[in-house]
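Dropping work14.tsv in here (TSV, C-alpha atoms):
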chain	number	residue	atom	x	y	z
A	9	MET	CA	-63.37	95.06	172.05
A	10	THR	CA	-61.67	94.93	175.43
A	11	GLN	CA	-57.90	94.67	175.22
A	12	PRO	CA	-56.07	92.36	177.65
A	13	PRO	CA	-54.02	94.28	180.22
A	14	PRO	CA	-50.33	94.70	179.33
A	15	PRO	CA	-47.91	92.36	181.10
A	16	GLY	CA	-47.12	93.55	184.60
A	17	ALA	CA	-50.21	95.79	184.78
A	18	PRO	CA	-52.05	95.63	188.12
A	19	GLY	CA	-55.22	93.54	188.08
A	20	PRO	CA	-58.46	94.51	189.83
A	21	PRO	CA	-57.91	95.27	193.52
A	22	ALA	CA	-58.38	92.30	195.83
A	23	PRO	CA	-61.42	92.52	198.12
A	24	ASP	CA	-60.66	93.86	201.59
A	25	GLU	CA	-59.74	90.70	203.52
A	26	ALA	CA	-61.01	91.97	206.88
A	27	LEU	CA	-64.40	92.90	205.39
A	28	VAL	CA	-64.73	89.50	203.70
A	29	GLU	CA	-63.81	87.74	206.95
A	30	ALA	CA	-66.39	89.76	208.89
A	31	VAL	CA	-69.17	89.15	206.35
A	32	ALA	CA	-68.36	85.42	206.19
A	33	GLY	CA	-69.26	85.12	209.88
A	34	ALA	CA	-72.73	84.15	211.07
A	35	TYR	CA	-73.53	87.35	212.98
A	36	ARG	CA	-76.44	89.26	211.48
A	37	PRO	CA	-78.34	92.09	213.16
A	38	GLU	CA	-82.00	91.48	213.88
A	39	GLY	CA	-84.48	93.76	212.18
A	40	LEU	CA	-88.08	94.47	213.10
A	41	ARG	CA	-89.45	92.08	210.48
A	42	ALA	CA	-86.47	90.03	209.31
A	43	VAL	CA	-82.80	89.24	209.79
A	44	ARG	CA	-80.77	92.13	208.33
A	45	ALA	CA	-77.65	92.12	206.14
A	46	HIS	CA	-74.26	92.44	207.79
A	47	PRO	CA	-73.32	96.16	207.84
A	48	ASN	CA	-70.01	95.41	206.06
A	49	TRP	CA	-71.76	93.51	203.26
A	50	TYR	CA	-72.65	96.87	201.67
A	51	ASP	CA	-68.95	97.86	201.66
A	52	LEU	CA	-67.97	94.88	199.48
A	53	ASP	CA	-67.99	94.92	195.69
A	54	GLU	CA	-69.49	92.00	193.75
A	55	ALA	CA	-66.24	90.00	193.81
A	56	GLY	CA	-65.96	90.50	197.57
A	57	ARG	CA	-69.56	89.44	198.12
A	58	ARG	CA	-69.05	86.25	196.11
A	59	LEU	CA	-65.84	85.54	197.99
A	60	ALA	CA	-67.60	86.05	201.34
A	61	PHE	CA	-70.36	83.65	200.20
A	62	GLU	CA	-67.88	80.91	199.26
A	63	ARG	CA	-65.86	81.44	202.41
A	64	ALA	CA	-68.98	81.20	204.57
A	65	LEU	CA	-69.89	77.94	202.82
A	66	ALA	CA	-66.45	76.48	203.60
A	67	LEU	CA	-66.42	77.80	207.18
A	68	ARG	CA	-69.86	76.37	207.99
A	69	GLU	CA	-68.66	72.94	206.87
A	70	LEU	CA	-65.70	73.23	209.19
A	71	GLU	CA	-67.86	74.50	212.07
A	72	ALA	CA	-70.40	71.71	211.61
A	73	ALA	CA	-67.61	69.13	211.54
A	74	LEU	CA	-66.31	70.46	214.88
A	75	ASP	CA	-69.73	70.67	216.53
A	76	PRO	CA	-70.89	67.65	218.59
A	77	GLU	CA	-74.34	67.86	216.96
A	78	GLY	CA	-73.01	68.66	213.49
A	79	LEU	CA	-74.39	72.20	213.57
A	80	SER	CA	-72.74	75.27	212.10
A	81	THR	CA	-72.78	78.72	213.70
A	82	THR	CA	-75.61	79.63	211.31
A	83	ALA	CA	-77.72	76.72	212.54
A	84	ARG	CA	-76.87	77.63	216.15
A	85	ALA	CA	-77.87	81.27	215.52
A	86	VAL	CA	-81.23	80.15	214.08
A	87	LEU	CA	-81.83	77.71	216.93
A	88	ARG	CA	-81.08	80.39	219.51
A	89	LYS	CA	-83.87	82.52	218.02
A	90	VAL	CA	-86.22	79.53	217.76
A	91	ARG	CA	-85.61	78.52	221.37
A	92	GLY	CA	-85.98	82.13	222.48
A	93	ALA	CA	-89.47	82.22	220.96
A	94	ALA	CA	-92.52	80.40	222.34
A	95	GLY	CA	-92.83	77.87	219.49
A	96	PRO	CA	-93.60	77.55	215.77
B	1	MET	CA	-87.29	66.26	223.20
B	2	TYR	CA	-86.75	64.46	219.90
B	3	LYS	CA	-86.12	60.70	220.34
B	4	GLY	CA	-86.39	59.44	216.75
B	5	PRO	CA	-83.78	58.29	214.26
B	6	GLY	CA	-80.47	60.10	213.94
B	7	ARG	CA	-80.13	61.16	217.57
B	8	GLU	CA	-76.84	59.30	217.95
B	9	GLY	CA	-74.01	59.10	215.45
B	10	VAL	CA	-74.17	60.06	211.81
B	11	LEU	CA	-77.51	60.80	210.23
B	12	ARG	CA	-78.05	58.13	207.58
B	13	VAL	CA	-81.34	59.15	206.05
B	14	ASN	CA	-81.93	60.90	202.75
B	15	ASP	CA	-85.44	62.10	203.48
B	16	LEU	CA	-85.35	64.80	206.13
B	17	ASP	CA	-89.15	64.75	206.32
B	18	ILE	CA	-88.82	62.12	209.05
B	19	PHE	CA	-88.32	65.13	211.33
B	20	ALA	CA	-91.28	67.10	209.97
B	21	PRO	CA	-94.00	65.83	212.35
B	22	ALA	CA	-91.88	66.58	215.43
B	23	ILE	CA	-90.86	69.99	214.04
B	24	ALA	CA	-94.53	70.79	213.36
B	25	ALA	CA	-95.29	69.87	216.97
B	26	GLY	CA	-92.75	72.47	218.16
B	27	ASP	CA	-89.78	70.20	218.92
B	28	ALA	CA	-86.68	72.41	218.56
B	29	ASP	CA	-84.36	69.39	218.93
B	30	ALA	CA	-85.97	67.79	215.87
B	31	PHE	CA	-85.54	71.10	214.03
B	32	ALA	CA	-81.83	71.01	214.95
B	33	ARG	CA	-81.54	67.51	213.44
B	34	TRP	CA	-83.20	68.79	210.26
B	35	LEU	CA	-81.08	71.97	210.14
B	36	GLY	CA	-77.75	70.14	210.21
B	37	PRO	CA	-78.06	68.55	206.76
B	38	ALA	CA	-80.54	71.09	205.28
B	39	GLU	CA	-78.52	74.26	205.83
B	40	ARG	CA	-75.89	73.65	203.16
B	41	VAL	CA	-78.47	72.73	200.50
B	42	VAL	CA	-80.40	75.96	201.09
B	43	ARG	CA	-77.20	78.02	201.25
B	44	GLU	CA	-75.93	76.62	197.94
B	45	SER	CA	-79.25	77.43	196.28
B	46	LEU	CA	-78.54	81.10	197.06
B	47	ARG	CA	-75.22	81.18	195.16
B	48	PRO	CA	-76.75	82.86	192.05
B	49	PHE	CA	-77.84	85.73	194.31
B	50	ALA	CA	-74.56	86.07	196.24
B	51	ALA	CA	-73.38	89.25	194.52
B	52	SER	CA	-76.73	91.01	194.99
B	53	VAL	CA	-78.11	89.95	198.39
B	54	ASP	CA	-76.53	89.00	201.71
B	55	ALA	CA	-77.10	85.24	201.43
B	56	GLU	CA	-76.34	84.62	205.13
B	57	ALA	CA	-79.12	86.99	206.22
B	58	VAL	CA	-81.56	85.53	203.67
B	59	LEU	CA	-80.64	82.00	204.75
B	60	GLN	CA	-81.18	82.66	208.47
B	61	GLU	CA	-84.50	84.37	207.80
B	62	ALA	CA	-85.62	81.50	205.53
B	63	LEU	CA	-84.76	78.88	208.16
B	64	LEU	CA	-86.63	80.84	210.83
B	65	ARG	CA	-89.69	81.00	208.56
B	66	VAL	CA	-89.54	77.24	207.98
B	67	TRP	CA	-89.87	76.80	211.74
B	68	GLN	CA	-92.79	79.26	211.82
B	69	VAL	CA	-94.75	77.64	208.97
B	70	ALA	CA	-93.89	74.01	209.83
B	71	PRO	CA	-97.19	73.38	211.69
B	72	ARG	CA	-99.02	74.03	208.39
B	73	PHE	CA	-96.62	71.91	206.26
B	74	ALA	CA	-98.45	69.25	204.21
B	75	PRO	CA	-96.24	66.51	202.65
B	76	ASP	CA	-96.78	65.96	198.90
B	77	GLY	CA	-95.58	62.34	198.87
B	78	ARG	CA	-92.13	63.19	197.51
B	79	PRO	CA	-89.03	63.21	199.75
B	80	ASN	CA	-87.65	66.33	201.43
B	81	GLY	CA	-90.85	68.34	201.20
B	82	LEU	CA	-89.84	70.60	204.08
B	83	LEU	CA	-86.43	71.17	202.48
B	84	ARG	CA	-88.07	72.04	199.17
B	85	LEU	CA	-90.29	74.47	201.05
B	86	ALA	CA	-87.17	76.02	202.62
B	87	LEU	CA	-85.61	76.42	199.18
B	88	ARG	CA	-88.71	78.20	197.88
B	89	ILE	CA	-88.86	80.48	200.92
B	90	ALA	CA	-85.15	81.36	200.54
B	91	ARG	CA	-85.53	82.03	196.83
B	92	ASN	CA	-88.59	84.23	197.36
B	93	LEU	CA	-86.84	86.19	200.11
B	94	ALA	CA	-83.82	86.71	197.84
B	95	ILE	CA	-86.07	87.90	194.99
B	96	ASP	CA	-87.86	90.29	197.39
B	97	GLU	CA	-84.47	91.73	198.31
B	98	LEU	CA	-83.55	92.12	194.64
B	99	ARG	CA	-86.83	93.92	193.94
B	100	ARG	CA	-86.20	96.22	196.87
B	101	ALA	CA	-82.75	97.00	195.45
B	102	ARG	CA	-84.21	97.19	191.90
B	103	VAL	CA	-81.86	94.49	190.62
B	104	ALA	CA	-82.96	91.91	188.02
B	105	PRO	CA	-83.03	88.26	189.20
B	106	PRO	CA	-79.77	86.50	188.22
B	107	ALA	CA	-81.36	83.40	186.65
B	108	PRO	CA	-84.58	82.64	184.78
B	109	PRO	CA	-87.43	81.26	186.94
B	110	ASP	CA	-87.12	77.77	185.43
B	111	ASP	CA	-83.52	77.42	186.62
B	112	LEU	CA	-84.43	78.76	190.02
B	113	GLU	CA	-87.37	76.39	190.24
B	114	ARG	CA	-85.10	73.43	189.49
B	115	ALA	CA	-82.79	74.58	192.28
B	116	ALA	CA	-85.80	74.83	194.56
B	117	GLU	CA	-86.76	71.27	193.71
B	118	GLY	CA	-83.34	70.17	194.92
B	119	GLU	CA	-81.98	68.92	191.61
B	120	ALA	CA	-79.34	71.62	191.32
B	121	ALA	CA	-78.64	71.78	195.02
B	122	GLY	CA	-78.08	68.06	195.52
B	123	ALA	CA	-79.09	65.74	198.32
B	124	PRO	CA	-78.60	66.58	202.01
B	125	ARG	CA	-75.22	65.56	203.39
B	126	SER	CA	-74.33	64.12	206.78
B	127	PRO	CA	-71.49	65.05	209.16
B	128	ASP	CA	-68.24	63.17	208.62
B	129	PRO	CA	-66.66	61.82	211.85
B	130	PHE	CA	-63.25	61.40	210.18
B	131	LEU	CA	-63.22	65.01	209.05
B	132	ARG	CA	-64.19	66.08	212.55
B	133	ARG	CA	-61.28	64.18	214.08
B	134	ALA	CA	-58.83	65.66	211.55
B	135	ILE	CA	-60.04	69.23	212.14
B	136	GLU	CA	-59.95	68.78	215.91
B	137	LEU	CA	-56.34	67.54	215.73
B	138	CYS	CA	-55.34	70.50	213.57
B	139	ARG	CA	-57.19	72.88	215.89
B	140	GLN	CA	-55.16	71.64	218.85
B	141	GLY	CA	-51.99	72.68	217.03
B	142	LEU	CA	-53.06	76.30	216.47
B	143	PRO	CA	-51.04	79.12	218.13
B	144	GLU	CA	-52.77	80.72	221.11
B	145	LYS	CA	-54.27	83.88	219.61
B	146	PRO	CA	-55.63	82.37	216.40
B	147	ALA	CA	-57.05	79.51	218.53
B	148	LEU	CA	-58.76	82.05	220.81
B	149	ALA	CA	-60.28	83.96	217.89
B	150	LEU	CA	-61.61	80.72	216.36
B	151	ALA	CA	-62.99	79.50	219.69
B	152	GLU	CA	-64.75	82.82	220.32
B	153	ARG	CA	-66.45	82.77	216.91
B	154	LEU	CA	-67.51	79.14	217.40
B	155	SER	CA	-68.86	79.51	220.93
B	156	ASN	CA	-70.64	82.79	220.21
B	157	ALA	CA	-72.31	81.32	217.09
B	158	GLY	CA	-73.30	84.61	215.53
B	159	ALA	CA	-74.89	86.12	218.66
B	160	ASP	CA	-72.66	89.20	218.75
B	161	PRO	CA	-70.74	91.32	216.22
B	162	ASP	CA	-67.00	90.76	215.85
B	163	GLU	CA	-66.34	94.08	217.62
B	164	ARG	CA	-67.72	92.56	220.82
B	165	LEU	CA	-65.84	89.28	220.40
B	166	ALA	CA	-62.62	91.26	219.91
B	167	GLU	CA	-63.30	93.29	223.07
B	168	ARG	CA	-63.73	90.10	225.09
B	169	LEU	CA	-60.32	88.93	223.95
B	170	ASN	CA	-58.75	92.36	224.53
B	171	MET	CA	-57.97	92.63	220.82
B	172	ARG	CA	-58.63	95.38	218.32
B	173	LEU	CA	-61.18	94.39	215.67
B	174	ASN	CA	-58.59	94.13	212.90
B	175	THR	CA	-56.31	92.06	215.12
B	176	PHE	CA	-59.19	89.72	215.94
B	177	LEU	CA	-60.05	89.30	212.25
B	178	GLN	CA	-56.39	88.76	211.34
B	179	ASN	CA	-56.12	86.08	214.02
B	180	PHE	CA	-59.28	84.42	212.74
B	181	THR	CA	-57.90	84.50	209.18
B	182	ARG	CA	-54.66	82.98	210.45
B	183	ALA	CA	-56.57	80.20	212.24
B	184	ARG	CA	-58.53	79.42	209.08
B	185	LYS	CA	-55.43	79.29	206.90
B	186	LEU	CA	-53.43	77.21	209.39
B	187	LEU	CA	-56.30	74.74	209.70
B	188	ALA	CA	-56.51	74.46	205.91
B	189	GLU	CA	-52.74	73.90	205.65
B	190	CYS	CA	-52.79	71.28	208.40
B	191	LEU	CA	-55.76	69.46	206.83
B	192	ARG	CA	-54.04	69.40	203.45
B	193	LYS	CA	-51.00	67.80	205.06
B	194	GLN	CA	-53.29	65.12	206.47
B	195	GLY	CA	-54.63	64.48	202.98
B	196	VAL	CA	-58.03	66.00	203.71
B	197	GLU	CA	-59.62	67.60	200.66
B	198	ILE	CA	-60.93	70.99	201.67
B	199	GLU	CA	-62.76	73.70	199.83
B	200	ALA	CA	-60.46	76.26	198.26
B	201	GLU	CA	-62.09	79.13	200.10
B	202	LEU	CA	-61.02	77.81	203.48
B	203	ALA	CA	-57.41	78.34	202.43
Rendering of file as C-alpha coordinates:
Amino acid sequence: MTQPPPPGAPGPPAPDEALVEAVAGAYRPEGLRAVRAHPNWYDLDEAGRRLAFERALALRELEAALDPEGLSTTARAVLRKVRGAAGP
Amino acid sequence: MYKGPGREGVLRVNDLDIFAPAIAAGDADAFARWLGPAERVVRESLRPFAASVDAEAVLQEALLRVWQVAPRFAPDGRPNGLLRLALRIARNLAIDELRRARVAPPAPPDDLERAAEGEAAGAPRSPDPFLRRAIELCRQGLPEKPALALAERLSNAGADPDERLAERLNMRLNTFLQNFTRARKLLAECLRKQGVEIEAELA
(Lines of atoms letter the chains of each structure in order from A and count residues from 1; the text may use other names and numbers.)
(Lines give C-alpha, C1' and ligand atoms only; values in the text may rest on other atoms or scores of the structure.)
Protein backbone atom coordinates (compact mmCIF):
# COMPACT_ATOMS: atom_id res chain seq x y z
CA MET A 1 0.00 0.00 0.00
CA THR A 2 1.26 3.49 -0.76
CA GLN A 3 2.10 5.51 2.33
CA PRO A 4 1.15 9.21 2.43
CA PRO A 5 4.19 11.49 2.28
CA PRO A 6 5.45 12.71 5.68
CA PRO A 7 4.49 16.25 6.66
CA GLY A 8 6.72 18.81 5.00
CA ALA A 9 7.90 16.38 2.30
CA PRO A 10 8.06 17.91 -1.20
CA GLY A 11 5.18 16.94 -3.48
CA PRO A 12 5.55 16.08 -7.17
CA PRO A 13 7.37 18.82 -9.09
CA ALA A 14 5.09 21.43 -10.65
CA PRO A 15 4.97 21.36 -14.46
CA ASP A 16 7.33 23.83 -16.13
CA GLU A 17 5.20 26.98 -16.36
CA ALA A 18 6.85 28.29 -19.54
CA LEU A 19 6.30 24.95 -21.33
CA VAL A 20 2.65 24.84 -20.27
CA GLU A 21 2.14 28.43 -21.42
CA ALA A 22 3.73 27.67 -24.80
CA VAL A 23 1.68 24.49 -25.34
CA ALA A 24 -1.55 26.27 -24.31
CA GLY A 25 -1.14 28.62 -27.28
CA ALA A 26 -2.77 27.97 -30.66
CA TYR A 27 0.42 27.71 -32.72
CA ARG A 28 0.92 24.25 -34.21
CA PRO A 29 3.38 23.36 -36.96
CA GLU A 30 1.91 22.12 -40.21
CA GLY A 31 2.83 18.61 -41.27
CA LEU A 32 2.64 17.04 -44.71
CA ARG A 33 -0.65 15.27 -43.96
CA ALA A 34 -1.94 16.83 -40.74
CA VAL A 35 -1.44 19.51 -38.11
CA ARG A 36 1.44 18.43 -35.86
CA ALA A 37 1.81 18.53 -32.07
CA HIS A 38 3.54 21.49 -30.47
CA PRO A 39 7.26 20.61 -30.07
CA ASN A 40 7.10 21.40 -26.32
CA TRP A 41 4.11 19.10 -25.80
CA TYR A 42 6.52 16.13 -25.77
CA ASP A 43 8.53 17.78 -22.96
CA LEU A 44 5.53 17.85 -20.60
CA ASP A 45 4.58 15.02 -18.27
CA GLU A 46 0.94 13.89 -18.00
CA ALA A 47 0.10 16.49 -15.35
CA GLY A 48 1.62 19.24 -17.50
CA ARG A 49 -0.30 18.08 -20.56
CA ARG A 50 -3.59 18.10 -18.66
CA LEU A 51 -2.80 21.53 -17.27
CA ALA A 52 -1.99 22.85 -20.76
CA PHE A 53 -5.32 21.42 -22.02
CA GLU A 54 -7.33 23.15 -19.28
CA ARG A 55 -5.43 26.38 -19.70
CA ALA A 56 -6.03 26.36 -23.46
CA LEU A 57 -9.74 25.83 -22.81
CA ALA A 58 -9.86 28.86 -20.50
CA LEU A 59 -7.71 31.01 -22.81
CA ARG A 60 -9.85 30.28 -25.87
CA GLU A 61 -12.93 31.43 -23.97
CA LEU A 62 -11.17 34.67 -23.13
CA GLU A 63 -9.92 35.12 -26.70
CA ALA A 64 -13.36 34.47 -28.16
CA ALA A 65 -14.91 36.95 -25.74
CA LEU A 66 -12.44 39.62 -26.91
CA ASP A 67 -12.85 38.87 -30.62
CA PRO A 68 -15.43 40.94 -32.56
CA GLU A 69 -16.69 37.75 -34.25
CA GLY A 70 -16.46 35.60 -31.13
CA LEU A 71 -13.60 33.54 -32.54
CA SER A 72 -10.66 32.16 -30.59
CA THR A 73 -7.09 32.00 -31.89
CA THR A 74 -7.72 28.31 -32.68
CA ALA A 75 -10.71 29.20 -34.86
CA ARG A 76 -8.69 31.98 -36.51
CA ALA A 77 -5.81 29.55 -37.19
CA VAL A 78 -8.21 27.07 -38.82
CA LEU A 79 -9.90 29.79 -40.87
CA ARG A 80 -6.55 31.08 -42.10
CA LYS A 81 -5.81 27.62 -43.52
CA VAL A 82 -9.33 27.30 -44.95
CA ARG A 83 -9.14 30.69 -46.64
CA GLY A 84 -5.65 29.92 -47.91
CA ALA A 85 -7.01 26.84 -49.69
CA ALA A 86 -9.24 26.88 -52.78
CA GLY A 87 -12.39 25.58 -51.05
CA PRO A 88 -13.87 22.53 -49.31
CA MET B 1 -20.44 35.87 -48.10
CA TYR B 2 -22.78 34.42 -45.48
CA LYS B 3 -25.94 36.55 -44.97
CA GLY B 4 -28.09 34.23 -42.85
CA PRO B 5 -29.01 34.27 -39.17
CA GLY B 6 -26.43 35.15 -36.54
CA ARG B 7 -24.43 37.61 -38.61
CA GLU B 8 -25.05 40.43 -36.13
CA GLY B 9 -25.04 40.20 -32.35
CA VAL B 10 -25.14 37.05 -30.30
CA LEU B 11 -25.86 33.76 -31.98
CA ARG B 12 -29.17 32.54 -30.54
CA VAL B 13 -29.61 29.20 -32.24
CA ASN B 14 -29.02 25.75 -30.79
CA ASP B 15 -28.79 23.89 -34.08
CA LEU B 16 -25.60 24.86 -35.87
CA ASP B 17 -26.74 22.94 -38.94
CA ILE B 18 -28.35 26.16 -40.18
CA PHE B 19 -24.85 26.95 -41.45
CA ALA B 20 -24.27 23.56 -43.06
CA PRO B 21 -25.65 24.32 -46.56
CA ALA B 22 -23.53 27.47 -46.88
CA ILE B 23 -20.44 25.68 -45.50
CA ALA B 24 -20.99 22.85 -47.99
CA ALA B 25 -21.12 25.47 -50.76
CA GLY B 26 -17.66 26.74 -49.73
CA ASP B 27 -18.67 29.81 -47.70
CA ALA B 28 -15.80 30.39 -45.24
CA ASP B 29 -17.79 33.11 -43.42
CA ALA B 30 -20.53 30.58 -42.64
CA PHE B 31 -17.83 28.17 -41.43
CA ALA B 32 -16.56 30.92 -39.11
CA ARG B 33 -20.09 31.32 -37.66
CA TRP B 34 -20.22 27.56 -37.08
CA LEU B 35 -16.70 27.40 -35.61
CA GLY B 36 -17.36 30.00 -32.90
CA PRO B 37 -19.80 27.89 -30.88
CA ALA B 38 -18.60 24.45 -32.09
CA GLU B 39 -14.94 24.73 -31.11
CA ARG B 40 -15.40 24.44 -27.36
CA VAL B 41 -17.70 21.41 -27.65
CA VAL B 42 -15.16 19.54 -29.78
CA ARG B 43 -12.27 20.62 -27.55
CA GLU B 44 -14.02 19.41 -24.39
CA SER B 45 -14.71 16.04 -26.01
CA LEU B 46 -10.92 15.58 -26.24
CA ARG B 47 -10.35 15.97 -22.48
CA PRO B 48 -10.06 12.18 -21.87
CA PHE B 49 -7.17 12.14 -24.36
CA ALA B 50 -5.38 15.24 -23.02
CA ALA B 51 -2.54 13.38 -21.29
CA SER B 52 -1.80 11.21 -24.33
CA VAL B 53 -2.32 13.38 -27.44
CA ASP B 54 -1.87 17.07 -28.19
CA ALA B 55 -5.56 18.01 -28.15
CA GLU B 56 -4.95 21.40 -29.81
CA ALA B 57 -3.32 19.77 -32.85
CA VAL B 58 -6.06 17.11 -33.06
CA LEU B 59 -8.74 19.78 -32.72
CA GLN B 60 -7.34 21.98 -35.50
CA GLU B 61 -6.94 18.99 -37.82
CA ALA B 62 -10.50 17.81 -37.05
CA LEU B 63 -11.97 21.24 -37.80
CA LEU B 64 -10.04 21.43 -41.08
CA ARG B 65 -11.39 18.01 -42.06
CA VAL B 66 -14.95 19.12 -41.29
CA TRP B 67 -14.48 21.89 -43.85
CA GLN B 68 -13.08 19.40 -46.37
CA VAL B 69 -15.89 16.83 -46.00
CA ALA B 70 -18.75 19.35 -45.56
CA PRO B 71 -19.83 19.15 -49.24
CA ARG B 72 -20.64 15.46 -48.67
CA PHE B 73 -22.41 16.01 -45.31
CA ALA B 74 -25.93 14.52 -45.25
CA PRO B 75 -28.19 15.64 -42.34
CA ASP B 76 -29.82 12.79 -40.39
CA GLY B 77 -32.79 14.82 -39.14
CA ARG B 78 -31.33 15.39 -35.67
CA PRO B 79 -29.80 18.73 -34.65
CA ASN B 80 -26.09 19.53 -34.87
CA GLY B 81 -25.27 16.82 -37.38
CA LEU B 82 -22.15 18.64 -38.56
CA LEU B 83 -21.02 19.11 -34.96
CA ARG B 84 -21.55 15.42 -34.25
CA LEU B 85 -19.51 14.64 -37.34
CA ALA B 86 -16.74 16.93 -36.01
CA LEU B 87 -16.79 15.08 -32.68
CA ARG B 88 -16.43 11.73 -34.44
CA ILE B 89 -13.59 13.01 -36.63
CA ALA B 90 -11.77 14.43 -33.57
CA ARG B 91 -12.22 11.21 -31.61
CA ASN B 92 -10.98 9.07 -34.51
CA LEU B 93 -7.94 11.31 -35.01
CA ALA B 94 -7.15 11.09 -31.29
CA ILE B 95 -7.47 7.28 -31.37
CA ASP B 96 -5.19 7.15 -34.45
CA GLU B 97 -2.61 9.14 -32.49
CA LEU B 98 -2.92 6.78 -29.53
CA ARG B 99 -2.44 3.76 -31.79
CA ARG B 100 0.62 5.38 -33.31
CA ALA B 101 2.01 5.92 -29.80
CA ARG B 102 0.83 2.42 -28.75
CA VAL B 103 -1.28 3.81 -25.91
CA ALA B 104 -4.65 2.28 -24.94
CA PRO B 105 -7.72 4.53 -25.43
CA PRO B 106 -8.61 6.27 -22.14
CA ALA B 107 -12.34 5.44 -22.16
CA PRO B 108 -14.48 2.58 -23.45
CA PRO B 109 -16.05 3.14 -26.90
CA ASP B 110 -19.55 3.55 -25.44
CA ASP B 111 -18.49 6.55 -23.35
CA LEU B 112 -16.65 8.05 -26.27
CA GLU B 113 -19.65 7.51 -28.51
CA ARG B 114 -21.88 9.34 -26.04
CA ALA B 115 -19.41 12.23 -26.06
CA ALA B 116 -19.50 12.17 -29.85
CA GLU B 117 -23.28 12.39 -29.78
CA GLY B 118 -22.95 15.60 -27.77
CA GLU B 119 -24.55 14.37 -24.56
CA ALA B 120 -21.35 14.56 -22.54
CA ALA B 121 -20.04 17.62 -24.30
CA GLY B 122 -23.16 19.74 -23.87
CA ALA B 123 -24.87 22.16 -26.21
CA PRO B 124 -23.00 24.84 -28.19
CA ARG B 125 -22.57 28.11 -26.33
CA SER B 126 -22.75 31.67 -27.62
CA PRO B 127 -20.43 34.63 -26.97
CA ASP B 128 -21.33 36.75 -23.94
CA PRO B 129 -21.26 40.53 -24.62
CA PHE B 130 -21.05 41.33 -20.88
CA LEU B 131 -18.01 39.11 -20.44
CA ARG B 132 -16.42 40.75 -23.46
CA ARG B 133 -16.91 44.22 -21.99
CA ALA B 134 -15.47 43.12 -18.63
CA ILE B 135 -12.40 41.52 -20.22
CA GLU B 136 -11.81 44.53 -22.45
CA LEU B 137 -11.92 46.86 -19.43
CA CYS B 138 -9.45 44.67 -17.55
CA ARG B 139 -7.22 44.44 -20.62
CA GLN B 140 -6.99 48.23 -20.78
CA GLY B 141 -5.56 48.22 -17.26
CA LEU B 142 -2.69 45.82 -18.03
CA PRO B 143 0.93 47.06 -17.72
CA GLU B 144 2.66 47.70 -21.04
CA LYS B 145 4.72 44.55 -21.54
CA PRO B 146 2.09 42.00 -20.49
CA ALA B 147 -0.41 43.91 -22.68
CA LEU B 148 2.00 43.67 -25.63
CA ALA B 149 2.54 39.93 -25.16
CA LEU B 150 -1.22 39.33 -24.99
CA ALA B 151 -1.90 41.50 -28.04
CA GLU B 152 0.78 39.72 -30.06
CA ARG B 153 -0.65 36.27 -29.27
CA LEU B 154 -4.17 37.47 -30.11
CA SER B 155 -3.33 39.19 -33.38
CA ASN B 156 -1.03 36.41 -34.59
CA ALA B 157 -3.69 33.75 -33.83
CA GLY B 158 -1.36 30.79 -33.90
CA ALA B 159 0.35 31.64 -37.20
CA ASP B 160 3.87 31.74 -35.76
CA PRO B 161 5.74 30.11 -32.87
CA ASP B 162 6.25 32.09 -29.68
CA GLU B 163 9.96 32.49 -30.53
CA ARG B 164 8.98 34.69 -33.47
CA LEU B 165 6.42 36.68 -31.48
CA ALA B 166 9.07 37.32 -28.82
CA GLU B 167 11.55 38.50 -31.48
CA ARG B 168 9.00 40.99 -32.82
CA LEU B 169 8.66 42.48 -29.35
CA ASN B 170 12.43 42.44 -28.77
CA MET B 171 11.96 40.02 -25.88
CA ARG B 172 13.64 36.74 -25.05
CA LEU B 173 11.28 33.76 -25.32
CA ASN B 174 11.11 33.24 -21.56
CA THR B 175 10.46 36.93 -20.99
CA PHE B 176 7.66 36.86 -23.56
CA LEU B 177 6.07 33.82 -21.91
CA GLN B 178 6.44 35.37 -18.44
CA ASN B 179 4.75 38.54 -19.69
CA PHE B 180 1.94 36.50 -21.22
CA THR B 181 1.51 34.59 -17.94
CA ARG B 182 1.41 37.89 -16.08
CA ALA B 183 -1.25 39.25 -18.46
CA ARG B 184 -3.37 36.13 -17.97
CA LYS B 185 -3.12 36.27 -14.18
CA LEU B 186 -3.79 40.02 -14.00
CA LEU B 187 -6.84 39.62 -16.23
CA ALA B 188 -8.14 36.81 -14.02
CA GLU B 189 -7.59 38.91 -10.87
CA CYS B 190 -9.30 41.94 -12.41
CA LEU B 191 -12.26 39.84 -13.60
CA ARG B 192 -12.68 38.31 -10.16
CA LYS B 193 -12.82 41.79 -8.66
CA GLN B 194 -15.61 42.62 -11.11
CA GLY B 195 -17.50 39.55 -9.94
CA VAL B 196 -16.93 37.62 -13.17
CA GLU B 197 -16.73 33.87 -12.64
CA ILE B 198 -13.75 32.59 -14.55
CA GLU B 199 -12.28 29.18 -15.06
CA ALA B 200 -9.64 28.28 -12.50
CA GLU B 201 -7.01 27.64 -15.14
CA LEU B 202 -7.03 31.24 -16.30
CA ALA B 203 -5.74 32.24 -12.88
Residues of chain B within 6 Å of chain A, using all atoms listed in the file, as a list in words? Gly26, Gly36, Ala50, Ala51, Asp54, Ala57, Glu61, Trp67, Gln68, Pro127, Arg132, Ala157, Gly158, Ala159, Pro161, Glu199, Glu201 and Leu202 of chain B
For the point (-58.7, 76.1, 214.6) in the file's frame, write as an MDAnalysis selection string all residues with an atom no more than 7 Å away, counting all atoms listed in the file. chainID B and resid 138:139 142 147 150 183:184 187
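Note that the spacing between atom CA of Val41 of chain B and atom CA of Arg153 of chain B amounts to 22.7 Å.
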Pairwise distance for atom CA of Ile89 of chain B and atom CA of Ala62 of chain B, rounded to one decimal in Å: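 Separation between atom CA of Ile89 of chain B and atom CA of Ala62 of chain B: 5.7 Å.
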Point-to-point distance in Å for atom CA of Arg102 of chain B and atom CA of Leu63 of chain B: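 Result for atom CA of Leu63 of chain B versus atom CA of Arg102 of chain B: 24.5 Å, one decimal.
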